[in-house]
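Source file: coords-v9.cif. Holds: mmCIF, C-alpha atoms.
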data_structure
#
loop_
_atom_site.label_atom_id
_atom_site.label_comp_id
_atom_site.auth_asym_id
_atom_site.auth_seq_id
_atom_site.Cartn_x
_atom_site.Cartn_y
_atom_site.Cartn_z
CA MET E 222 104.51 -23.50 -63.34
CA TYR E 223 101.92 -20.78 -63.75
CA ASP E 224 102.33 -17.11 -62.94
CA ASP E 225 99.78 -14.33 -62.41
CA LEU E 226 99.55 -13.62 -66.14
CA ASP E 227 98.59 -17.23 -66.83
CA ARG E 228 95.97 -17.19 -64.10
CA PRO E 229 94.26 -13.79 -64.18
CA PRO E 230 91.98 -12.76 -61.30
CA LEU E 231 88.22 -12.72 -61.53
CA SER E 232 86.52 -9.33 -61.61
CA GLU E 233 83.75 -8.91 -59.07
CA SER E 234 82.29 -5.95 -60.95
CA GLU E 235 82.29 -7.80 -64.28
CA LEU E 236 80.54 -10.85 -62.83
CA THR E 237 78.04 -8.67 -60.98
CA ARG E 238 77.13 -6.75 -64.15
CA ALA E 239 76.76 -9.94 -66.16
CA LEU E 240 74.79 -12.01 -63.64
CA THR E 241 72.55 -9.61 -61.71
CA LEU E 242 70.37 -8.54 -64.62
CA ALA E 243 66.61 -8.04 -64.38
CA GLY E 244 64.89 -11.39 -64.02
CA SER E 245 68.01 -13.18 -62.80
CA ARG E 246 68.01 -15.15 -59.58
CA TRP E 247 71.48 -13.89 -58.73
CA THR E 248 71.32 -10.69 -56.69
CA HIS E 249 74.92 -10.10 -55.67
CA VAL E 250 78.37 -11.51 -56.48
CA GLU E 251 81.31 -11.36 -54.09
CA VAL E 252 84.86 -12.36 -55.06
CA VAL E 253 87.33 -12.81 -52.18
CA ASN E 254 91.05 -13.50 -52.42
CA GLU E 255 91.00 -16.35 -49.92
CA SER E 256 88.54 -18.33 -47.86
CA PRO E 257 88.78 -21.57 -45.89
CA SER E 258 85.42 -22.72 -47.29
CA THR E 259 82.90 -20.77 -49.35
CA ASN E 260 80.16 -23.19 -48.28
CA ALA E 261 80.86 -22.64 -44.58
CA ARG E 262 80.95 -18.89 -45.10
CA LEU E 263 77.60 -18.83 -46.91
CA ALA E 264 76.04 -21.26 -44.43
CA GLU E 265 76.75 -18.77 -41.65
CA ARG E 266 75.13 -16.00 -43.65
CA ALA E 267 72.15 -18.17 -44.58
CA ALA E 268 71.55 -18.85 -40.89
CA SER E 269 71.64 -15.07 -40.36
CA ASP E 270 68.86 -14.62 -42.91
CA GLU E 271 70.91 -13.72 -45.99
CA ARG E 272 68.58 -13.46 -48.97
CA ASP E 273 68.29 -15.77 -51.93
CA GLY E 274 70.70 -15.30 -54.83
CA LEU E 275 74.06 -14.50 -53.24
CA VAL E 276 77.15 -15.80 -55.05
CA LEU E 277 80.52 -16.12 -53.29
CA VAL E 278 83.69 -16.97 -55.23
CA ALA E 279 87.11 -17.54 -53.64
CA GLU E 280 90.30 -17.17 -55.66
CA HIS E 281 92.07 -19.48 -53.20
CA GLN E 282 90.19 -21.97 -51.03
CA THR E 283 92.26 -23.36 -48.19
CA ALA E 284 89.84 -25.79 -46.54
CA GLY E 285 87.16 -26.71 -49.04
CA ARG E 286 84.41 -29.01 -47.79
CA GLY E 287 83.30 -32.20 -49.49
CA ARG E 288 81.07 -35.11 -48.60
CA LEU E 289 81.84 -36.99 -45.36
CA ASP E 290 83.64 -33.87 -44.02
CA ARG E 291 86.58 -34.28 -46.38
CA THR E 292 88.69 -31.15 -46.88
CA TRP E 293 90.79 -30.02 -49.83
CA THR E 294 92.73 -27.00 -51.05
CA THR E 295 93.15 -25.34 -54.43
CA PRO E 296 96.11 -23.36 -55.81
CA PRO E 297 95.31 -19.64 -56.21
CA ARG E 298 93.27 -18.90 -59.36
CA ALA E 299 93.67 -22.45 -60.69
CA ALA E 300 90.05 -23.45 -60.15
CA ILE E 301 86.53 -22.14 -59.75
CA THR E 302 85.61 -22.47 -56.08
CA MET E 303 82.27 -20.88 -55.38
CA SER E 304 79.06 -21.28 -53.44
CA VAL E 305 75.58 -19.89 -54.06
CA LEU E 306 72.67 -19.46 -51.68
CA VAL E 307 69.18 -20.37 -52.82
CA ARG E 308 65.86 -20.56 -51.02
CA PRO E 309 63.60 -22.78 -53.17
CA VAL E 310 60.02 -21.56 -53.31
CA GLY E 311 57.18 -24.05 -52.91
CA VAL E 312 59.36 -27.16 -53.09
CA PRO E 313 58.94 -29.91 -50.48
CA MET E 314 62.08 -31.16 -48.75
CA SER E 315 61.63 -34.58 -50.32
CA ARG E 316 62.53 -33.00 -53.69
CA TRP E 317 65.58 -31.04 -52.48
CA PRO E 318 68.06 -33.80 -53.46
CA TRP E 319 67.46 -32.69 -57.03
CA ILE E 320 69.35 -29.45 -56.28
CA SER E 321 72.67 -31.30 -56.45
CA LEU E 322 71.65 -32.97 -59.70
CA LEU E 323 70.63 -29.64 -61.25
CA ALA E 324 73.95 -28.10 -60.21
CA GLY E 325 75.78 -30.99 -61.84
CA LEU E 326 73.83 -30.52 -65.06
CA ALA E 327 74.67 -26.81 -65.07
CA VAL E 328 78.40 -27.39 -64.53
CA ALA E 329 78.65 -30.16 -67.13
CA ALA E 330 76.73 -28.11 -69.71
CA ALA E 331 79.00 -25.09 -69.19
CA VAL E 332 82.12 -27.23 -69.47
CA ARG E 333 80.95 -28.78 -72.72
CA ARG E 334 79.84 -25.48 -74.28
CA VAL E 335 82.60 -23.14 -73.11
CA ALA E 336 85.61 -25.44 -72.81
CA GLY E 337 84.74 -28.09 -75.38
CA VAL E 338 85.35 -30.90 -72.88
CA GLU E 339 82.88 -33.80 -72.92
CA ALA E 340 82.08 -34.01 -69.23
CA GLY E 341 79.58 -36.39 -67.68
CA LEU E 342 77.96 -36.78 -64.28
CA LYS E 343 78.68 -39.41 -61.65
CA TRP E 344 75.69 -39.60 -59.32
CA PRO E 345 75.20 -37.78 -57.04
CA ASN E 346 77.79 -35.00 -56.98
CA ASP E 347 80.78 -35.39 -59.31
CA VAL E 348 81.50 -34.06 -62.79
CA VAL E 349 83.85 -36.44 -64.59
CA VAL E 350 85.74 -37.03 -67.81
CA ASP E 351 85.78 -40.81 -68.24
CA ASP E 352 86.66 -41.90 -64.68
CA ARG E 353 88.62 -38.75 -63.83
CA LYS E 354 87.04 -36.24 -61.45
CA LEU E 355 86.85 -32.75 -62.92
CA ALA E 356 84.54 -31.07 -60.40
CA GLY E 357 82.82 -31.80 -57.12
CA LEU E 358 79.54 -30.49 -55.72
CA LEU E 359 78.30 -30.15 -52.17
CA VAL E 360 74.77 -29.04 -51.25
CA GLU E 361 74.01 -28.25 -47.62
CA ARG E 362 70.67 -27.36 -46.04
CA VAL E 363 70.74 -24.47 -43.57
CA GLU E 364 67.95 -23.36 -41.23
CA GLY E 365 67.37 -19.69 -40.48
CA GLY E 366 64.70 -17.17 -39.58
CA PHE E 367 63.68 -16.86 -43.23
CA GLY E 368 63.22 -20.61 -43.46
CA PRO E 369 65.46 -23.28 -44.96
CA ALA E 370 68.13 -22.46 -47.51
CA ALA E 371 70.40 -24.52 -49.71
CA VAL E 372 74.07 -23.66 -50.08
CA ILE E 373 75.42 -25.10 -53.33
CA GLY E 374 79.20 -25.45 -53.50
CA VAL E 375 81.14 -26.05 -56.72
CA GLY E 376 84.83 -26.84 -57.09
CA LEU E 377 85.94 -27.07 -60.74
CA ASN E 378 89.58 -27.66 -61.70
CA VAL E 379 90.43 -25.27 -64.53
CA SER E 380 94.20 -24.77 -65.06
CA THR E 381 95.31 -27.15 -62.31
CA THR E 382 98.44 -29.06 -63.31
CA ARG E 383 98.98 -32.77 -62.76
CA ALA E 384 101.36 -32.03 -59.87
CA GLU E 385 98.77 -29.77 -58.21
CA LEU E 386 95.91 -32.27 -58.27
CA PRO E 387 95.07 -33.96 -54.95
CA THR E 388 94.76 -37.49 -56.39
CA PRO E 389 95.77 -39.33 -59.57
CA TYR E 390 92.07 -39.84 -60.27
CA ALA E 391 91.40 -36.12 -60.72
CA THR E 392 91.81 -33.93 -63.79
CA SER E 393 91.40 -30.34 -64.98
CA LEU E 394 90.10 -28.57 -68.06
CA THR E 395 93.63 -27.75 -69.18
CA LEU E 396 94.72 -31.37 -68.83
CA GLU E 397 91.70 -32.41 -70.90
CA GLY E 398 92.63 -30.03 -73.73
CA ALA E 399 90.04 -27.32 -73.08
CA THR E 400 89.58 -24.87 -75.94
CA THR E 401 88.77 -21.87 -73.72
CA PRO E 402 89.47 -22.47 -70.02
CA ASP E 403 88.44 -18.92 -69.08
CA ARG E 404 87.14 -18.87 -65.52
CA ALA E 405 84.92 -15.80 -65.85
CA THR E 406 83.17 -17.19 -68.92
CA LEU E 407 82.68 -20.52 -67.16
CA VAL E 408 81.25 -18.93 -64.01
CA LYS E 409 78.73 -16.96 -66.05
CA ALA E 410 77.73 -19.99 -68.13
CA MET E 411 77.32 -22.23 -65.06
CA LEU E 412 75.21 -19.76 -63.10
CA ARG E 413 72.98 -18.80 -66.02
CA ARG E 414 72.27 -22.47 -66.69
CA LEU E 415 71.67 -23.19 -63.00
CA ASP E 416 69.29 -20.23 -62.79
CA GLY E 417 67.20 -21.62 -65.65
CA LEU E 418 67.16 -25.17 -64.28
CA LEU E 419 66.14 -24.04 -60.79
CA ALA E 420 63.35 -21.87 -62.17
CA GLN E 421 61.99 -24.75 -64.27
CA TRP E 422 62.16 -27.10 -61.28
CA GLU E 423 60.45 -24.63 -58.93
CA ARG E 424 57.60 -24.02 -61.39
CA ARG E 425 56.71 -27.70 -61.01
CA ALA E 426 57.05 -27.61 -57.19
CA GLY E 427 60.21 -29.69 -57.38
CA THR E 428 58.80 -32.48 -59.51
CA PRO E 429 61.27 -32.93 -62.36
CA SER E 430 59.78 -32.82 -65.82
CA VAL E 431 60.16 -35.70 -68.26
CA GLU E 432 62.63 -33.54 -70.19
CA LEU E 433 64.70 -32.76 -67.10
CA ARG E 434 64.93 -36.39 -66.06
CA ALA E 435 65.90 -37.32 -69.61
CA ALA E 436 68.61 -34.64 -69.62
CA TYR E 437 70.08 -35.97 -66.40
CA ARG E 438 69.88 -39.55 -67.58
CA GLY E 439 71.67 -38.59 -70.80
CA ALA E 440 74.50 -36.88 -68.91
CA CYS E 441 74.88 -39.40 -66.08
CA VAL E 442 77.64 -41.95 -66.68
CA THR E 443 76.54 -43.95 -63.61
CA ILE E 444 73.32 -45.10 -65.27
CA GLY E 445 73.76 -48.32 -67.18
CA GLN E 446 76.85 -49.30 -65.20
CA LEU E 447 77.37 -52.18 -62.81
CA VAL E 448 78.01 -50.35 -59.53
CA ARG E 449 78.98 -51.11 -55.96
CA LEU E 450 77.40 -48.93 -53.29
CA GLU E 451 78.75 -48.67 -49.77
CA VAL E 452 75.69 -47.83 -47.73
CA PHE E 453 75.68 -46.36 -44.21
CA GLY E 454 74.63 -48.96 -41.68
CA ARG E 455 74.21 -51.68 -44.31
CA GLU E 456 76.33 -54.11 -46.24
CA THR E 457 77.74 -53.26 -49.65
CA VAL E 458 75.19 -53.52 -52.45
CA GLU E 459 75.93 -54.36 -56.08
CA GLY E 460 73.70 -53.99 -59.09
CA VAL E 461 73.09 -52.14 -62.32
CA ALA E 462 72.15 -48.45 -62.06
CA VAL E 463 69.00 -48.06 -64.15
CA GLY E 464 67.73 -44.53 -63.48
CA ILE E 465 66.84 -41.65 -61.17
CA ASP E 466 63.45 -41.29 -59.46
CA GLU E 467 61.41 -38.14 -58.81
CA SER E 468 63.23 -37.55 -55.51
CA GLY E 469 66.68 -37.72 -57.11
CA ARG E 470 67.47 -41.20 -55.75
CA LEU E 471 69.56 -43.64 -57.74
CA LEU E 472 67.61 -46.70 -58.88
CA VAL E 473 69.67 -49.88 -58.85
CA HIS E 474 68.56 -53.28 -60.10
CA THR E 475 69.92 -55.83 -57.62
CA GLU E 476 69.47 -59.57 -57.20
CA SER E 477 66.56 -58.87 -54.86
CA GLY E 478 64.87 -56.35 -57.14
CA GLU E 479 65.00 -52.60 -57.80
CA VAL E 480 66.19 -50.47 -54.89
CA ALA E 481 66.33 -46.66 -54.54
CA PHE E 482 69.33 -45.08 -52.83
CA ALA E 483 69.51 -41.52 -51.50
CA ALA E 484 72.80 -39.64 -51.62
CA GLY E 485 72.76 -39.21 -47.86
CA ASP E 486 72.66 -42.97 -47.37
CA VAL E 487 75.58 -43.82 -49.66
CA VAL E 488 79.27 -43.56 -48.84
CA HIS E 489 80.65 -44.42 -52.29
CA VAL E 490 79.32 -45.36 -55.69
CA ARG E 491 81.92 -47.01 -57.86
CA ARG E 492 82.40 -49.59 -60.57
CA PRO E 493 83.47 -53.01 -59.32
CA ALA E 494 87.10 -53.85 -60.14
#

For this file, produce the structure as structure tokens.
Amino acid sequence: MYDDLDRPPLSESELTRALTLAGSRWTHVEVVNESPSTNARLAERAASDERDGLVLVAEHQTAGRGRLDRTWTTPPRAAITMSVLVRPVGVPMSRWPWISLLAGLAVAAAVRRVAGVEAGLKWPNDVVVDDRKLAGLLVERVEGGFGPAAVIGVGLNVSTTRAELPTPYATSLTLEGATTPDRATLVKAMLRRLDGLLAQWERRAGTPSVELRAAYRGACVTIGQLVRLEVFGRETVEGVAVGIDESGRLLVHTESGEVAFAAGDVVHVRRPA
């Protein structure tokens, strides 16, 4: 078991100093001891016209939100559970699905660089090591007086033990032999990378560059795999995942030809048994 010395708290002042520098997207960092859901909390503030760039981190999340309204909890200080509020400038809604993909790239890059763990991306919103889930992402659109906002939620297992994981298909940085599973360093690395990716994406009005699409393709373990997709309102579809289009949809080569699937249409993407 872990004690408080093994799982030190995050410092709000340290993260604020490191992340709210001139030119950074991040304007304010809040660290709270406990929250049911950081995404729900930021969604309320986004609807009340909270500005772009707020970061909220919870040391203990008691009712985290995932896709399909799933909920989950994390042991205190064992994970990074945070949400950020962004208001993309000049990007049409048709390109917003890329926000989840950019967040995944940022998390995976930080994990590889800081922790030395070779993480990949399972389209559209999981960070994995082989077939084990290391982190989950949830992006929600919120309407408010200042216009639409995106709340990006990240849940990354850091020191979580095998007994503390919610399923046998999950993992943590510690279980994967991380060299430096320091949460503060990881938070800073993730948010700096996400800041850069969002800025690059916004400069092109949400159209991903050739380099950005190549980076996602290189990190995405779904591409090249035979997959089974459970699609809302349709029968299960099987095929080979061959790429990602400009709107962030998964391209799958099926018996009837190439089909594009949006994250909002898909219940599960998995490899056939």

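Compared by their closest atoms to Leu322 (chain E), and using all atoms listed in the file, the residues E:Pro429, E:Gly274, E:Pro257, E:Gly376 rank with E:Pro429 nearest.
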
**Message:** For a cutoff of 12 Å around the file-coordinate point (66.8, -17.3, -55.1), which residues qualify once you count all atoms listed in the file? I'd like the result as a PyMOL selection string.
**Reply:** chain E and resi 241+244-249+267+271-276+305-311+369-373+412+415-417+419-420+423

Emit the selected residues as a short mmCIF file (atom, residue, chain, number, x, y, z; two decimals), in the coordinates of the input, including C-alpha atoms.
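Ended up saving to out.cif:
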data_model
loop_
_atom_site.label_atom_id
_atom_site.label_comp_id
_atom_site.auth_asym_id
_atom_site.auth_seq_id
_atom_site.Cartn_x
_atom_site.Cartn_y
_atom_site.Cartn_z
CA THR E 241 72.55 -9.61 -61.71
CA GLY E 244 64.89 -11.39 -64.02
CA SER E 245 68.01 -13.18 -62.80
CA ARG E 246 68.01 -15.15 -59.58
CA TRP E 247 71.48 -13.89 -58.73
CA THR E 248 71.32 -10.69 -56.69
CA HIS E 249 74.92 -10.10 -55.67
CA ALA E 267 72.15 -18.17 -44.58
CA GLU E 271 70.91 -13.72 -45.99
CA ARG E 272 68.58 -13.46 -48.97
CA ASP E 273 68.29 -15.77 -51.93
CA GLY E 274 70.70 -15.30 -54.83
CA LEU E 275 74.06 -14.50 -53.24
CA VAL E 276 77.15 -15.80 -55.05
CA VAL E 305 75.58 -19.89 -54.06
CA LEU E 306 72.67 -19.46 -51.68
CA VAL E 307 69.18 -20.37 -52.82
CA ARG E 308 65.86 -20.56 -51.02
CA PRO E 309 63.60 -22.78 -53.17
CA VAL E 310 60.02 -21.56 -53.31
CA GLY E 311 57.18 -24.05 -52.91
CA PRO E 369 65.46 -23.28 -44.96
CA ALA E 370 68.13 -22.46 -47.51
CA ALA E 371 70.40 -24.52 -49.71
CA VAL E 372 74.07 -23.66 -50.08
CA ILE E 373 75.42 -25.10 -53.33
CA LEU E 412 75.21 -19.76 -63.10
CA LEU E 415 71.67 -23.19 -63.00
CA ASP E 416 69.29 -20.23 -62.79
CA GLY E 417 67.20 -21.62 -65.65
CA LEU E 419 66.14 -24.04 -60.79
CA ALA E 420 63.35 -21.87 -62.17
CA GLU E 423 60.45 -24.63 -58.93
#

**Request:** Run the PyMOL selection byres ((chain E and resi 468-473) around 7) mentally over the shown coordinates, then write out the matched residues as a PyMOL selection string, using the chain letters and numbers from the document.
**Result:** chain E and resi 315-316+318-319+460-467+474-475+479-484

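Summary of the local environment: counting only C-alpha atoms, residues at most 6 Å from Ser304 (chain E), other than itself and those fewer than 2 positions away along its chain, are Thr259, Asn260, Leu277, Ile373 and Gly374 of chain E.
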
**Prompt:** How far is it from CA of Val442 (chain E) to CA of Val349 (chain E), in Å with one decimal?
**Reply:**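 Straight-line distance from CA of Val442 (chain E) to CA of Val349 (chain E) works out to 8.6 Å.
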